[in-house]
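Below is target-v3.txt, holding compact mmCIF, C-alpha atoms and all ligand atoms.
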```txt
# COMPACT_ATOMS: atom_id res chain seq x y z
CA MET X 1 3.15 7.60 -6.46
CA SER X 2 0.76 9.80 -8.36
CA LEU X 3 -2.78 8.72 -9.01
CA GLU X 4 -4.48 8.71 -12.38
CA GLN X 5 -8.11 7.98 -12.97
CA GLY X 6 -7.34 5.98 -16.14
CA GLN X 7 -4.91 3.78 -14.26
CA ILE X 8 -7.43 3.08 -11.51
CA GLU X 9 -10.12 2.23 -14.04
CA SER X 10 -7.79 -0.10 -15.89
CA ASP X 11 -6.71 -1.78 -12.58
CA LEU X 12 -10.39 -2.28 -11.79
CA ALA X 13 -11.10 -3.69 -15.24
CA LYS X 14 -8.14 -6.12 -14.99
CA ALA X 15 -9.28 -7.34 -11.57
CA LEU X 16 -12.87 -7.89 -12.73
CA LYS X 17 -11.69 -9.68 -15.87
CA ALA X 18 -9.39 -11.92 -13.84
CA ILE X 19 -12.19 -12.79 -11.41
CA ALA X 20 -14.59 -13.53 -14.25
CA ALA X 21 -12.01 -15.80 -15.92
CA THR X 22 -11.35 -17.89 -12.80
CA ALA X 23 -12.79 -21.36 -12.94
CA ASP X 24 -11.74 -22.82 -9.59
CA LEU X 25 -11.28 -21.98 -5.91
CA ASP X 26 -7.48 -22.35 -6.10
CA GLY X 27 -7.39 -19.67 -8.81
CA LEU X 28 -9.37 -17.37 -6.53
CA LYS X 29 -6.66 -17.58 -3.85
CA GLN X 30 -4.16 -16.12 -6.28
CA ILE X 31 -6.68 -13.44 -7.34
CA LYS X 32 -6.99 -12.38 -3.71
CA ILE X 33 -3.24 -11.86 -3.49
CA ASP X 34 -2.95 -10.13 -6.88
CA TYR X 35 -6.02 -7.88 -6.82
CA ILE X 36 -7.24 -7.47 -3.24
CA GLY X 37 -4.28 -8.00 -0.92
CA ASP X 38 -1.98 -5.24 0.44
CA LYS X 39 0.31 -5.41 -2.59
CA SER X 40 -2.46 -5.22 -5.18
CA PRO X 41 -2.56 -2.08 -7.41
CA LEU X 42 -5.83 -0.83 -5.91
CA ALA X 43 -4.55 -1.27 -2.31
CA LYS X 44 -1.41 0.61 -3.29
CA ALA X 45 -3.52 3.38 -4.87
CA ASN X 46 -5.46 3.58 -1.62
CA GLN X 47 -2.24 3.96 0.35
CA ALA X 48 -1.16 6.67 -2.07
CA LEU X 49 -4.26 8.80 -1.24
CA ALA X 50 -2.34 10.25 1.72
CA SER X 51 0.11 11.97 -0.59
CA VAL X 52 -2.48 13.32 -3.02
CA ASP X 53 -3.27 17.01 -2.80
CA ALA X 54 -6.29 17.77 -0.68
CA ALA X 55 -8.39 19.09 -3.57
CA SER X 56 -8.48 15.82 -5.55
CA ARG X 57 -8.24 13.44 -2.53
CA ALA X 58 -12.02 13.13 -2.04
CA ASN X 59 -12.61 12.23 -5.70
CA PHE X 60 -9.82 9.73 -5.85
CA GLY X 61 -10.99 8.38 -2.50
CA LYS X 62 -14.44 7.72 -3.90
CA LEU X 63 -13.08 6.28 -7.13
CA ILE X 64 -10.69 3.91 -5.41
CA GLY X 65 -13.22 3.01 -2.67
CA SER X 66 -15.89 2.09 -5.20
CA ALA X 67 -13.37 0.18 -7.33
CA ARG X 68 -12.23 -1.86 -4.34
CA ALA X 69 -15.84 -2.45 -3.25
CA GLN X 70 -16.70 -3.73 -6.74
CA VAL X 71 -13.69 -6.05 -6.77
CA ASN X 72 -14.62 -7.40 -3.33
CA GLN X 73 -18.23 -7.88 -4.33
CA GLU X 74 -17.35 -9.74 -7.53
CA PHE X 75 -14.81 -11.80 -5.62
CA GLU X 76 -17.39 -12.85 -3.02
CA LYS X 77 -19.93 -13.64 -5.73
CA LYS X 78 -17.42 -15.77 -7.60
CA SER X 79 -16.33 -17.54 -4.36
CA ALA X 80 -19.92 -18.45 -3.52
CA GLU X 81 -20.51 -19.66 -7.09
CA LEU X 82 -17.40 -21.84 -7.17
CA ALA X 83 -18.10 -23.25 -3.66
CA ASN X 84 -21.54 -24.25 -4.91
CA VAL X 85 -20.08 -26.00 -7.93
CA ARG X 86 -17.62 -27.83 -5.66
CA ASP X 87 -20.35 -28.89 -3.24
CA SER X 88 -22.59 -30.30 -5.91
CA GLN X 89 -19.63 -32.19 -7.40
CA VAL X 90 -18.87 -33.70 -3.98
CA LEU X 91 -22.50 -34.74 -3.68
CA LEU X 92 -22.30 -36.43 -7.06
CA THR X 93 -18.98 -38.20 -6.66
CA GLU X 94 -19.49 -39.24 -3.05
CA ARG X 95 -23.07 -40.30 -3.50
CA VAL X 96 -24.11 -43.30 -1.38
CA ASP X 97 -26.80 -45.62 -2.67
CA VAL X 98 -28.61 -46.48 0.53
CA THR X 99 -30.78 -48.98 -1.33
CA LEU X 100 -27.80 -51.27 -2.20
CA PRO X 101 -27.83 -54.58 -0.32
CA GLY X 102 -25.15 -54.93 2.37
CA ARG X 103 -22.02 -56.98 1.74
CA ARG X 104 -22.37 -60.44 3.25
CA THR X 105 -19.49 -62.13 4.97
CA LEU X 106 -19.68 -65.88 5.41
CA LYS X 107 -19.79 -67.03 9.01
CA GLY X 108 -17.80 -70.00 10.17
CA GLY X 109 -19.74 -72.85 11.68
CA LEU X 110 -19.57 -76.26 13.25
CA HIS X 111 -19.00 -79.37 11.17
CA PRO X 112 -22.17 -81.49 10.83
CA LEU X 113 -20.43 -84.24 12.84
CA THR X 114 -19.82 -81.81 15.68
CA ILE X 115 -23.43 -80.65 15.50
CA LEU X 116 -24.55 -84.31 15.73
CA THR X 117 -22.15 -85.00 18.62
CA ASN X 118 -23.55 -82.01 20.52
CA GLU X 119 -27.10 -83.10 19.77
CA ILE X 120 -26.41 -86.62 21.13
CA SER X 121 -24.59 -85.28 24.19
CA ASP X 122 -27.48 -82.91 24.95
CA LEU X 123 -30.05 -85.63 24.63
CA PHE X 124 -28.23 -88.01 26.99
CA ILE X 125 -27.40 -85.23 29.45
CA GLY X 126 -31.17 -84.70 29.48
CA LEU X 127 -31.52 -88.33 30.62
CA GLY X 128 -29.05 -87.77 33.46
CA TYR X 129 -25.95 -89.19 31.74
CA LYS X 130 -22.46 -87.71 31.97
CA VAL X 131 -20.17 -87.23 28.97
CA ALA X 132 -16.91 -89.16 29.41
CA GLU X 133 -13.72 -88.81 27.40
CA GLY X 134 -10.58 -90.87 26.88
CA PRO X 135 -7.34 -90.50 24.92
CA GLU X 136 -7.15 -91.32 21.21
CA LEU X 137 -3.72 -92.88 21.77
CA GLU X 138 -4.84 -95.73 24.01
CA SER X 139 -3.15 -98.61 25.78
CA GLU X 140 -3.56 -101.92 24.02
CA TRP X 141 -4.79 -103.36 27.30
CA LEU X 142 -7.72 -100.91 27.58
CA ASN X 143 -8.53 -101.06 23.86
CA PHE X 144 -8.55 -104.90 23.76
CA ASP X 145 -7.63 -107.00 26.80
CA ALA X 146 -9.84 -105.34 29.40
CA LEU X 147 -12.71 -105.64 26.91
CA ASN X 148 -12.22 -109.42 26.84
CA ILE X 149 -10.58 -109.35 23.40
CA PRO X 150 -7.61 -111.72 23.93
CA ALA X 151 -4.33 -111.38 22.01
CA ASP X 152 -5.22 -114.11 19.53
CA HIS X 153 -8.83 -113.07 19.09
CA PRO X 154 -9.76 -112.40 15.48
CA ALA X 155 -11.42 -109.14 16.57
CA ARG X 156 -7.98 -107.64 16.97
CA THR X 157 -7.04 -108.25 13.39
CA MET X 158 -10.58 -107.67 12.19
CA GLN X 159 -10.27 -104.14 13.50
CA ASP X 160 -7.22 -103.30 11.39
CA THR X 161 -5.43 -101.58 14.22
CA PHE X 162 -2.84 -98.79 13.90
CA PHE X 163 -0.09 -99.94 16.28
CA VAL X 164 2.22 -97.16 17.38
CA GLN X 165 5.99 -97.39 17.74
CA PRO X 166 7.82 -98.35 19.87
CA LEU X 167 5.72 -101.51 19.93
CA GLU X 168 6.93 -102.32 23.46
CA ALA X 169 4.94 -99.28 24.68
CA LYS X 170 1.82 -101.23 23.70
CA LEU X 171 -0.06 -98.19 22.49
CA VAL X 172 -2.62 -98.14 19.68
CA LEU X 173 -4.78 -95.51 18.05
CA ARG X 174 -8.04 -96.58 19.66
CA THR X 175 -10.13 -98.67 17.28
CA HIS X 176 -13.36 -97.88 19.10
CA THR X 177 -14.67 -95.78 21.98
CA SER X 178 -15.26 -98.89 24.13
CA PRO X 179 -12.02 -98.45 26.17
CA VAL X 180 -13.69 -95.36 27.69
CA GLN X 181 -16.17 -97.81 29.25
CA ILE X 182 -13.27 -99.45 31.07
CA ARG X 183 -11.74 -96.13 32.11
CA THR X 184 -15.12 -95.05 33.49
CA MET X 185 -15.64 -98.25 35.50
CA LEU X 186 -12.07 -98.16 36.85
CA ASP X 187 -12.34 -94.53 37.91
CA HIS X 188 -15.90 -94.36 39.25
CA LYS X 189 -18.23 -96.49 41.30
CA PRO X 190 -21.71 -97.42 40.00
CA PRO X 191 -24.33 -96.22 39.39
CA LEU X 192 -22.79 -95.13 36.06
CA TYR X 193 -24.61 -93.46 33.21
CA VAL X 194 -22.16 -92.18 30.58
CA ILE X 195 -21.83 -91.59 26.89
CA CYS X 196 -18.46 -91.21 25.23
CA PRO X 197 -18.37 -89.58 21.81
CA GLY X 198 -14.96 -89.47 20.17
CA LYS X 199 -12.51 -90.05 17.36
CA THR X 200 -11.50 -93.58 16.42
CA TYR X 201 -9.00 -95.07 13.95
CA ARG X 202 -8.75 -98.11 11.72
CA ALA X 203 -6.35 -98.89 8.89
CA ASP X 204 -8.97 -98.48 6.17
CA GLU X 205 -8.66 -96.68 2.83
CA LEU X 206 -10.87 -93.61 2.43
CA ASP X 207 -13.70 -94.59 0.08
CA ALA X 208 -17.43 -94.00 -0.25
CA THR X 209 -18.21 -95.87 2.98
CA HIS X 210 -14.91 -96.00 4.93
CA THR X 211 -12.52 -93.52 6.47
CA PRO X 212 -9.42 -94.34 8.54
CA VAL X 213 -10.37 -91.60 11.02
CA PHE X 214 -13.97 -91.74 12.12
CA HIS X 215 -16.17 -91.12 15.13
CA GLN X 216 -18.20 -93.27 17.46
CA VAL X 217 -20.45 -92.71 20.39
CA GLU X 218 -20.40 -95.23 23.19
CA GLY X 219 -23.02 -95.61 25.89
CA LEU X 220 -22.53 -97.35 29.22
CA VAL X 221 -24.94 -97.89 32.08
CA VAL X 222 -24.10 -99.85 35.24
CA ASP X 223 -26.68 -99.89 38.01
CA GLU X 224 -28.77 -102.22 40.11
CA GLY X 225 -31.37 -104.21 38.21
CA ILE X 226 -30.39 -103.06 34.70
CA THR X 227 -31.84 -105.38 32.03
CA MET X 228 -31.94 -105.67 28.28
CA ALA X 229 -35.33 -103.96 28.38
CA ASP X 230 -33.60 -100.82 29.66
CA LEU X 231 -31.14 -101.09 26.78
CA LYS X 232 -33.96 -101.48 24.24
CA GLY X 233 -35.90 -98.53 25.70
CA THR X 234 -32.82 -96.31 25.71
CA LEU X 235 -31.92 -97.19 22.12
CA ASP X 236 -35.51 -96.56 21.04
CA TYR X 237 -35.50 -93.13 22.64
CA PHE X 238 -32.06 -92.38 21.15
CA ALA X 239 -33.17 -93.47 17.65
CA LYS X 240 -36.41 -91.48 17.77
CA SER X 241 -34.55 -88.36 18.95
CA ILE X 242 -32.05 -88.54 16.11
CA PHE X 243 -34.07 -89.97 13.20
CA GLY X 244 -37.63 -88.95 14.07
CA ASP X 245 -40.56 -90.19 16.14
CA GLU X 246 -41.75 -92.72 13.57
CA VAL X 247 -38.49 -94.69 13.76
CA THR X 248 -38.41 -98.04 15.56
CA THR X 249 -35.49 -100.25 16.53
CA ARG X 250 -34.90 -103.99 16.56
CA LEU X 251 -32.17 -106.05 18.16
CA ARG X 252 -30.54 -108.89 16.22
CA PRO X 253 -28.46 -111.49 18.04
CA SER X 254 -24.75 -110.93 17.49
CA PHE X 255 -21.40 -111.30 19.19
CA PHE X 256 -19.03 -108.88 20.89
CA PRO X 257 -16.44 -110.12 23.40
CA PHE X 258 -17.33 -107.35 25.87
CA THR X 259 -21.09 -107.98 25.94
CA GLU X 260 -23.16 -111.07 26.71
CA PRO X 261 -25.71 -111.33 25.29
CA SER X 262 -24.80 -109.11 22.33
CA ALA X 263 -26.95 -107.65 19.59
CA GLU X 264 -26.84 -105.49 16.51
CA VAL X 265 -29.29 -102.62 16.67
CA ASP X 266 -31.18 -101.85 13.46
CA ILE X 267 -33.49 -98.94 12.80
CA PHE X 268 -36.56 -98.97 10.58
CA PHE X 269 -36.05 -95.76 8.63
CA ASN X 270 -37.46 -94.65 5.27
CA GLY X 271 -39.18 -98.00 4.76
CA ARG X 272 -36.28 -100.36 5.43
CA TRP X 273 -34.18 -101.88 8.19
CA ILE X 274 -30.73 -100.31 8.47
CA GLU X 275 -27.91 -101.55 10.69
CA TRP X 276 -26.98 -98.79 13.13
CA GLY X 277 -24.62 -100.13 15.80
CA GLY X 278 -23.72 -102.78 18.35
CA CYS X 279 -24.94 -103.30 21.90
CA GLY X 280 -25.49 -105.78 24.68
CA MET X 281 -25.33 -106.46 28.40
CA VAL X 282 -21.82 -105.72 29.70
CA ASN X 283 -19.98 -109.06 29.92
CA GLU X 284 -19.57 -110.20 33.53
CA LYS X 285 -15.85 -110.76 32.84
CA VAL X 286 -15.49 -107.10 31.93
CA LEU X 287 -17.35 -105.97 35.05
CA ILE X 288 -15.14 -108.18 37.20
CA ALA X 289 -11.93 -106.90 35.51
CA CYS X 290 -13.08 -103.39 36.45
CA GLY X 291 -13.83 -104.32 40.06
CA VAL X 292 -17.62 -104.02 39.77
CA ASP X 293 -19.65 -106.09 42.25
CA THR X 294 -21.53 -108.37 39.83
CA LYS X 295 -23.89 -109.63 42.53
CA LYS X 296 -25.24 -106.14 42.89
CA TYR X 297 -24.82 -104.57 39.48
CA THR X 298 -25.51 -105.30 35.85
CA GLY X 299 -25.02 -103.01 32.90
CA PHE X 300 -25.63 -102.42 29.24
CA ALA X 301 -23.48 -100.81 26.55
CA PHE X 302 -23.90 -99.69 22.99
CA GLY X 303 -21.71 -98.13 20.32
CA MET X 304 -22.41 -96.63 16.92
CA GLY X 305 -20.55 -94.78 14.19
CA LEU X 306 -21.33 -91.09 13.91
CA GLU X 307 -20.45 -90.83 10.21
CA ARG X 308 -22.80 -93.71 9.58
CA THR X 309 -25.52 -92.06 11.67
CA LEU X 310 -25.09 -88.81 9.71
CA MET X 311 -25.13 -90.65 6.36
CA VAL X 312 -28.32 -92.56 7.19
CA LYS X 313 -30.06 -89.52 8.66
CA HIS X 314 -29.30 -87.21 5.72
CA GLY X 315 -29.07 -89.70 2.87
CA ILE X 316 -25.37 -88.96 2.31
CA THR X 317 -23.96 -91.56 -0.06
CA ASP X 318 -20.29 -90.60 -0.18
CA MET X 319 -18.01 -90.47 2.88
CA HIS X 320 -15.74 -88.02 1.03
CA ASP X 321 -18.38 -85.34 1.54
CA ILE X 322 -18.10 -85.67 5.32
CA VAL X 323 -14.32 -85.81 5.36
CA GLU X 324 -13.21 -83.28 2.76
CA GLY X 325 -14.61 -80.06 4.20
CA ASP X 326 -16.16 -78.59 1.03
CA VAL X 327 -18.37 -75.71 2.19
CA ARG X 328 -21.00 -76.55 -0.42
CA PHE X 329 -21.64 -79.70 1.64
CA THR X 330 -21.60 -78.07 5.06
CA GLN X 331 -23.77 -75.17 3.84
CA SER X 332 -26.67 -77.58 3.38
CA PHE X 333 -26.51 -78.10 7.16
CA GLY X 334 -26.94 -74.36 7.70
CA VAL X 335 -23.23 -73.77 8.17
CA GLY X 336 -21.99 -70.47 6.72
CA LYS X 337 -25.47 -69.07 6.13
CA LYS X 338 -26.84 -65.97 7.76
N1 LIG X 401 -16.99 -101.32 19.91
C1 LIG X 401 -17.83 -101.88 18.87
C2 LIG X 401 -17.24 -101.59 17.52
O1 LIG X 401 -16.45 -100.69 17.40
C3 LIG X 401 -19.21 -101.31 18.93
C4 LIG X 401 -19.93 -101.75 20.17
C5 LIG X 401 -20.66 -102.94 20.17
C6 LIG X 401 -19.85 -101.02 21.32
C7 LIG X 401 -21.34 -103.36 21.28
C8 LIG X 401 -20.53 -101.45 22.47
C9 LIG X 401 -21.26 -102.63 22.42
O2 LIG X 401 -20.51 -100.77 23.61
O3 LIG X 401 -21.92 -103.00 23.53
O4 LIG X 401 -17.58 -102.23 16.57
```
Show me the file's structure as structure tokens.
Amino acid sequence: MSLEQGQIESDLAKALKAIAATADLDGLKQIKIDYIGDKSPLAKANQALASVDAASRANFGKLIGSARAQVNQEFEKKSAELANVRDSQVLLTERVDVTLPGRRTLKGGLHPLTILTNEISDLFIGLGYKVAEGPELESEWLNFDALNIPADHPARTMQDTFFVQPLEAKLVLRTHTSPVQIRTMLDHKPPLYVICPGKTYRADELDATHTPVFHQVEGLVVDEGITMADLKGTLDYFAKSIFGDEVTTRLRPSFFPFTEPSAEVDIFFNGRWIEWGGCGMVNEKVLIACGVDTKKYTGFAFGMGLERTLMVKHGITDMHDIVEGDVRFTQSFGVGKK
């Protein structure tokens, strides 16, 4: 290959023009191959120096050397320029606004009834009670007979029981938590101090004040020298802990087959008397059926609805709110909030 000054100058001009016209870093890669790499015209001219006669070699050497240096210099300049443009674009498109509020995810939480159950359990555990449990599918004998509710007693029909098939198995969905009293007395010797929170069932339609599946908490104490004054004091403490210190209780004579005497317990809350639950001294017949020495021991018991307790405490007027699980209801109890 012979070298010509005009050709070298035109190769240089082409390379510089191509570099100037490149608008992105990908384009520059091709420029490197076409105008700088081993197969580029100026690299080939450089290789051809060896075959040029000695007299003109130095001049061509300088010419080609300076042309290649210029191309390299412009290439580097353009690379730096385009890298800058790319970097500032990245900064713009990937900008993070550190002042934006974080994304909140809702937390799950306990149902208000569970919160109340835990609160009641804690408060009685603090008094030295144990928490007892029994099955929701209960024997008819424990749910009724052992509690002195005979087969023909109106209480059985009053309680709208769900009987479970086969009927010969004599199983019912427990209509109250009172059978846990019997289980406790059959399984353990006095002194007994237990509460039994749990699910209970009655064949009621769901409406503003009823639900076929509801919850009760039962209390049972059997010890030496237990009197109605102990019952009253315990209920007072219980009521004040749940509804507030200003709340007082009163007992109204009533009847339950498993207690004698029996009473309804009312609370004075928000300026009026409200019925809260049932209570009494454990009927001697029940104690005897459970093998308790009635010469030595007496006992008291009480039972109240947890839905009712929650409704009174928080002024809830519709049972549907407790049952249906709408988060707008549970959120007002702090559930699902950060
Ligand atoms: N078991 C009763 C009911 O479901 C409530 C009750 C009343 C429980 C008096 C008791 C009690 O322990 O002593 O209506």
Taking only C-alpha atoms and all ligand atoms into account, produce a table as a tab-separated table in which each residue of chain X with an atom at most 8 Å from an atom of ligand LIG 401 (chain X) appears once, together with its shortest atom pair and the distance in Å to one decimal, ordered by chain and rising number.
```
residue	atom	partner	partner_atom	distance
X:Thr175	CA	X:LIG401	O1	6.6
X:His176	CA	X:LIG401	O1	4.5
X:Thr177	CA	X:LIG401	N1	6.4
X:Ser178	CA	X:LIG401	N1	5.2
X:Gln181	CA	X:LIG401	O2	7.7
X:Gln216	CA	X:LIG401	O1	7.6
X:Glu218	CA	X:LIG401	O2	5.6
X:Gly219	CA	X:LIG401	O2	6.2
X:Leu220	CA	X:LIG401	O2	6.9
X:Phe256	CA	X:LIG401	C7	6.0
X:Phe258	CA	X:LIG401	O3	6.7
X:Thr259	CA	X:LIG401	O3	5.6
X:Ser262	CA	X:LIG401	C7	6.8
X:Ala263	CA	X:LIG401	C7	7.3
X:Glu264	CA	X:LIG401	C7	7.6
X:Gly277	CA	X:LIG401	C3	6.4
X:Gly278	CA	X:LIG401	C5	3.6
X:Cys279	CA	X:LIG401	O3	3.4
X:Gly280	CA	X:LIG401	O3	4.7
X:Met281	CA	X:LIG401	O3	6.9
X:Val282	CA	X:LIG401	O3	6.7
X:Phe300	CA	X:LIG401	O3	6.8
X:Ala301	CA	X:LIG401	O3	4.0
X:Phe302	CA	X:LIG401	O2	3.6
X:Gly303	CA	X:LIG401	C6	3.6
X:Met304	CA	X:LIG401	C3	6.0
X:Gly305	CA	X:LIG401	O1	7.9
```
> If we count all atoms listed in the file, what is near X:Ala15 at a cut-off of 7 Å, once residues fewer than 4 positions away on the same chain are taken out, given as a count of residues only?
Replying inline: 4
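Coordinates place atom CA of X:Glu307 at a distance of 22.9 Å from atom CA of X:Gly126.
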>> I'd like the interatomic distance between atom CA of X:Thr161 and atom CA of X:Glu284, to a tenth of an Å.
In response: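 Taking atom CA of X:Thr161 and atom CA of X:Glu284, their separation equals 25.4 Å.
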>> Using all atoms listed in the file - which residues lie no farther than 12 Å from the point (-12.5, -104.4, 17.5) in the file's frame? Write them as a PyMOL selection string.
In response: chain X and resi 140+142-145+147-151+153-162+172-179+200-203+255-258+278+303
>> Can you pull out the residues contacting stretch 315-331 of chain X? Cut-off 12 Å, using all atoms listed in the file, and skip same-chain residues under 3 positions away; I want them as a count of residues only.
In response: 36
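Among X:Leu92, X:Leu100, X:Leu3, X:Leu186, the residue with the shortest atom-to-atom distance to X:Ser56, counting only C-alpha atoms, is X:Leu3.
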> If we count only C-alpha atoms, what is near X:Ile8 at a cut-off of 8 Å, once residues fewer than 5 positions away on the same chain are taken out, given as a ChimeraX atom specification?
Replying inline: /X:3,42,45,63-64,67
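Atom CA of X:Lys29 lies 28.7 Å from atom CA of X:Ala50.
Counting all atoms listed in the file, the residue from X:Val292, X:Ala69, X:Leu171, X:Val96 that sits nearest to X:Pro191 is X:Val292.
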> Restricting the calculation to all atoms listed in the file, which member of X:Gln73, X:Asn46, X:Ser139, X:Ser88 is positioned closest to X:Lys170?
Replying inline: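 Of all the options, X:Ser139 lies closest to X:Lys170.
The residue that comes closest to X:Val52, out of X:Arg250, X:Ser40, X:Ala239, X:Glu4 and on the basis of only C-alpha atoms, is X:Glu4.
Closest approach to X:Asp293 among X:Ala20, X:Leu116, X:Met185, X:Leu28 is made by X:Met185 (distances from all atoms listed in the file).
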